[in-house]
Amino acid sequence: MDRILEYYFNPKVIALAFPNVLAGFRVTVAVALLIILFGIATGLLLALLRCANLRLLNALIVVYVDVLRTLPQLVIIVFIYFGLPYVGLTLSPFVTTVLSLAMVLSAFSTEIFWSAIMAVPRGQWDAASALGFGRVRTLLEIILPQAFRLSVPLLTNRAISISKGTALGTAVSLPETLGQAQSVTAMVANPSPLTLAAAFYVLFFLPLVIASRWIERRSAQGR
């Protein structure tokens, strides 16, 4: 037990690592929130564009979604960070991580929103048309509210899962929580900073999980 406390819960090492890991935690929070914001917003936009029923546009969106759902997140991050400079575009580790993971989340969000829209009974469209509603008004005022409720469970789970990928930003030198903890661990030869990093992850992501469950319950009550 003493060895476990010494190696994983060493108070002196944790105190030494705290400023760096806290700075990394701020980066993690900012990146994760931006991933969720841009990923879900882009996914919703692409799902709405699919409702236009333009064959070429739909094909492009399907390719975008399928490719990003297939590739590992780390591959996308590395490709964007090291590949884009060859075409004259250099992005910071922060922007690279946000862009890469937001793209991945947008791909999953697109599919979730589209499936939810398709799950709304066709009779809803017909009833709205009989009342004189146009296609756009029907989509925005009648179909989307129902699709949102259907998509909430999958969407919240996927958003949390992908936003935890911020740790992959260490591959491009993003100074996030895990990367900072690993740096201090290497200097002091003690893994206690990793324990501190784990505590920060729980501090941030556990409330998100609890909030997602609350949103799911509220959504279920509204059906």
# chains A, B, ... in the order shown; residues from 1 in each chain; ligands from 1

call {"tool": "closest_atom_pairs", "arguments": {"of": "region 2-44 of chain A", "to": "region 154-161 of chain A", "cutoff": "10 Å", "atoms": "only C-alpha atoms", "output": "JSON lines"}}
result
{"residue": "A:Ala32", "atom": "CA", "partner": "A:Ile160", "partner_atom": "CA", "distance": 8.6}
{"residue": "A:Leu33", "atom": "CA", "partner": "A:Ala159", "partner_atom": "CA", "distance": 9.7}
{"residue": "A:Ile35", "atom": "CA", "partner": "A:Ala159", "partner_atom": "CA", "distance": 8.2}
{"residue": "A:Ile36", "atom": "CA", "partner": "A:Ala159", "partner_atom": "CA", "distance": 6.0}
{"residue": "A:Leu37", "atom": "CA", "partner": "A:Ala159", "partner_atom": "CA", "distance": 9.4}
{"residue": "A:Gly39", "atom": "CA", "partner": "A:Ala159", "partner_atom": "CA", "distance": 8.1}
{"residue": "A:Ile40", "atom": "CA", "partner": "A:Ala159", "partner_atom": "CA", "distance": 7.9}

call {"tool": "write_last_selection", "arguments": {"atoms": "N, CA, C and O atoms", "output": "short mmCIF file (atom, residue, chain, number, x, y, z; two decimals), in the first residue's frame"}}
result
data_model
loop_
_atom_site.label_atom_id
_atom_site.label_comp_id
_atom_site.auth_asym_id
_atom_site.auth_seq_id
_atom_site.Cartn_x
_atom_site.Cartn_y
_atom_site.Cartn_z
N ALA A 32 -12.47 20.66 -25.89
CA ALA A 32 -13.63 19.78 -25.84
C ALA A 32 -14.93 20.52 -26.13
O ALA A 32 -15.78 20.05 -26.88
N LEU A 33 -15.08 21.70 -25.53
CA LEU A 33 -16.31 22.47 -25.75
C LEU A 33 -16.43 22.94 -27.20
O LEU A 33 -17.52 22.92 -27.78
N ILE A 35 -15.11 21.42 -29.79
CA ILE A 35 -15.40 20.22 -30.59
C ILE A 35 -16.89 19.93 -30.57
O ILE A 35 -17.51 19.67 -31.62
N ILE A 36 -17.49 19.95 -29.39
CA ILE A 36 -18.91 19.67 -29.26
C ILE A 36 -19.74 20.71 -30.00
O ILE A 36 -20.68 20.38 -30.74
N LEU A 37 -19.39 21.98 -29.83
CA LEU A 37 -20.15 23.06 -30.47
C LEU A 37 -20.11 22.96 -31.99
O LEU A 37 -21.15 22.91 -32.66
N GLY A 39 -18.87 20.50 -33.90
CA GLY A 39 -19.21 19.18 -34.43
C GLY A 39 -20.70 18.97 -34.58
O GLY A 39 -21.18 18.53 -35.63
N ILE A 40 -21.46 19.32 -33.54
CA ILE A 40 -22.91 19.14 -33.60
C ILE A 40 -23.55 20.14 -34.56
O ILE A 40 -24.45 19.78 -35.34
#

call {"tool": "residues_around", "arguments": {"residues": "Leu22 (chain A)", "least_positions_apart": "3", "cutoff": "10 Å", "atoms": "only C-alpha atoms", "output": "list in words"}}
result
Ala17, Phe18, Pro19, Phe25, Arg26, Val27, Thr28, Glu176, Thr177, Gln180, Ala181, Leu196, Ala197 and Phe200 of chain A

call {"tool": "residues_around", "arguments": {"residues": "Val104 (chain A)", "least_positions_apart": "3", "cutoff": "8 Å", "atoms": "only C-alpha atoms", "output": "PyMOL selection string"}}
result
chain A and resi 39+68-69+73+100-101+107-108+162

call {"tool": "atom_distance", "arguments": {"atom1": "CA of Pro191 (chain A)", "atom2": "CA of Thr97 (chain A)"}}
result
25.3 Å

call {"tool": "residues_around", "arguments": {"residues": "Ile143 (chain A)", "least_positions_apart": "4", "cutoff": "12 Å", "atoms": "only C-alpha atoms", "output": "list in words"}}
result
Leu48, Cys51, Phe113, Trp114, Ala116, Ile117, Met118, Ala119, Val120, Pro121, Arg122, Gly123, Gln124, Trp125, Asp126, Ala127, Ala128, Phe133, Arg135, Val136, Arg137, Thr138, Leu139, Ala147, Phe148, Arg149 and Leu150 of chain A

call {"tool": "residues_around", "arguments": {"residues": "Thr185 (chain A)", "least_positions_apart": "6", "cutoff": "12 Å", "atoms": "only C-alpha atoms", "output": "MDAnalysis selection string"}}
result
chainID A and resid 7:8 10 13:14 16:18 20:21 178:179 191:197

call {"tool": "residues_around", "arguments": {"residues": "Thr90 (chain A)", "least_positions_apart": "6", "cutoff": "12 Å", "atoms": "only C-alpha atoms", "output": "compact mmCIF listing (two decimals) with N, CA and C atoms, in the first residue's frame"}}
result
# COMPACT_ATOMS: atom_id res chain seq x y z
N PHE A 79 -2.68 13.78 -40.07
CA PHE A 79 -2.76 14.15 -41.49
C PHE A 79 -2.95 15.65 -41.65
N ILE A 80 -3.87 16.23 -40.87
CA ILE A 80 -4.12 17.66 -40.99
C ILE A 80 -2.92 18.49 -40.53
N TYR A 81 -2.31 18.07 -39.43
CA TYR A 81 -1.21 18.87 -38.87
C TYR A 81 0.04 18.80 -39.74
N PHE A 82 0.37 17.59 -40.22
CA PHE A 82 1.61 17.44 -40.98
C PHE A 82 1.39 17.48 -42.50
N GLY A 83 0.14 17.29 -42.94
CA GLY A 83 -0.12 17.25 -44.37
C GLY A 83 -0.45 18.60 -44.97
N LEU A 84 -1.26 19.40 -44.26
CA LEU A 84 -1.69 20.67 -44.82
C LEU A 84 -0.55 21.65 -45.10
N THR A 96 -5.73 22.44 -34.95
CA THR A 96 -5.71 21.12 -35.59
C THR A 96 -6.57 20.13 -34.82

call {"tool": "closest_residue", "arguments": {"among": "A:Met187, A:Ile4, A:Ile112, A:Val209", "to": "Ala47 (chain A)", "atoms": "only C-alpha atoms"}}
result
A:Ile112

call {"tool": "closest_residue", "arguments": {"among": "A:Pro207, A:Gly169, A:Pro11, A:Gly24", "to": "Val95 (chain A)", "atoms": "only C-alpha atoms"}}
result
A:Gly169

call {"tool": "closest_residue", "arguments": {"among": "A:Val202, A:Ile77, A:Ala130, A:Met103", "to": "Val65 (chain A)", "atoms": "only C-alpha atoms"}}
result
A:Met103

call {"tool": "atom_distance", "arguments": {"atom1": "CA of Ala23 (chain A)", "atom2": "CA of Leu174 (chain A)"}}
result
11.5 Å

call {"tool": "decode", "arguments": {"residues": "region 173-185 of chain A", "atoms": "all heavy atoms", "output": "compact mmCIF listing (two decimals), in the first residue's frame"}}
result
# COMPACT_ATOMS: atom_id res chain seq x y z
N SER A 173 1.72 17.91 -30.15
CA SER A 173 2.25 18.82 -29.11
C SER A 173 1.21 19.76 -28.54
O SER A 173 1.54 20.88 -28.12
CB SER A 173 3.44 19.62 -29.66
OG SER A 173 4.46 18.76 -30.11
N LEU A 174 -0.05 19.35 -28.50
CA LEU A 174 -1.06 20.16 -27.82
C LEU A 174 -0.82 20.07 -26.32
O LEU A 174 -0.79 18.96 -25.77
CB LEU A 174 -2.46 19.66 -28.16
CG LEU A 174 -3.62 20.42 -27.48
CD1 LEU A 174 -3.77 21.81 -28.10
CD2 LEU A 174 -4.93 19.65 -27.62
N PRO A 175 -0.67 21.19 -25.62
CA PRO A 175 -0.38 21.14 -24.18
C PRO A 175 -1.62 20.91 -23.33
O PRO A 175 -1.97 21.73 -22.49
CB PRO A 175 0.23 22.52 -23.92
CG PRO A 175 -0.47 23.41 -24.90
CD PRO A 175 -0.65 22.57 -26.14
N GLU A 176 -2.29 19.78 -23.57
CA GLU A 176 -3.52 19.50 -22.82
C GLU A 176 -3.19 18.71 -21.56
O GLU A 176 -2.02 18.46 -21.24
CB GLU A 176 -4.54 18.78 -23.70
CG GLU A 176 -4.03 17.56 -24.43
CD GLU A 176 -3.93 16.36 -23.52
OE1 GLU A 176 -4.93 15.99 -22.89
OE2 GLU A 176 -2.84 15.79 -23.45
N THR A 177 -4.21 18.28 -20.84
CA THR A 177 -4.05 17.69 -19.51
C THR A 177 -3.08 16.51 -19.50
O THR A 177 -2.12 16.48 -18.71
CB THR A 177 -5.41 17.23 -18.97
OG1 THR A 177 -6.35 18.30 -19.07
CG2 THR A 177 -5.30 16.79 -17.51
N LEU A 178 -3.34 15.52 -20.33
CA LEU A 178 -2.52 14.31 -20.31
C LEU A 178 -1.08 14.59 -20.73
O LEU A 178 -0.14 14.08 -20.14
CB LEU A 178 -3.14 13.24 -21.22
CG LEU A 178 -2.43 11.89 -21.24
CD1 LEU A 178 -2.40 11.28 -19.85
CD2 LEU A 178 -3.10 10.95 -22.23
N GLY A 179 -0.92 15.43 -21.75
CA GLY A 179 0.42 15.76 -22.21
C GLY A 179 1.25 16.44 -21.14
O GLY A 179 2.44 16.13 -20.96
N GLN A 180 0.64 17.37 -20.43
CA GLN A 180 1.34 18.06 -19.35
C GLN A 180 1.70 17.09 -18.22
O GLN A 180 2.79 17.16 -17.65
CB GLN A 180 0.48 19.20 -18.81
CG GLN A 180 0.21 20.31 -19.81
CD GLN A 180 1.45 21.15 -20.08
OE1 GLN A 180 2.43 20.68 -20.66
NE2 GLN A 180 1.42 22.40 -19.65
N ALA A 181 0.76 16.20 -17.91
CA ALA A 181 1.01 15.22 -16.85
C ALA A 181 2.15 14.28 -17.25
O ALA A 181 3.01 13.94 -16.42
CB ALA A 181 -0.26 14.43 -16.56
N GLN A 182 2.18 13.87 -18.50
CA GLN A 182 3.24 12.98 -18.95
C GLN A 182 4.60 13.67 -18.91
O GLN A 182 5.61 13.03 -18.61
CB GLN A 182 2.93 12.50 -20.37
CG GLN A 182 1.78 11.51 -20.44
CD GLN A 182 1.42 11.14 -21.87
OE1 GLN A 182 1.58 11.93 -22.79
NE2 GLN A 182 0.94 9.92 -22.05
N SER A 183 4.63 14.95 -19.22
CA SER A 183 5.89 15.69 -19.19
C SER A 183 6.47 15.73 -17.78
O SER A 183 7.67 15.48 -17.57
CB SER A 183 5.69 17.12 -19.70
OG SER A 183 5.28 17.11 -21.05
N VAL A 184 5.62 16.03 -16.80
CA VAL A 184 6.10 16.07 -15.41
C VAL A 184 6.48 14.67 -14.94
O VAL A 184 7.47 14.49 -14.23
CB VAL A 184 5.02 16.68 -14.49
CG1 VAL A 184 5.51 16.70 -13.05
CG2 VAL A 184 4.65 18.08 -14.95
N THR A 185 5.69 13.68 -15.34
CA THR A 185 6.00 12.30 -14.97
C THR A 185 7.39 11.90 -15.45
O THR A 185 8.16 11.24 -14.73
CB THR A 185 4.95 11.33 -15.56
OG1 THR A 185 3.68 11.62 -14.98
CG2 THR A 185 5.31 9.88 -15.28
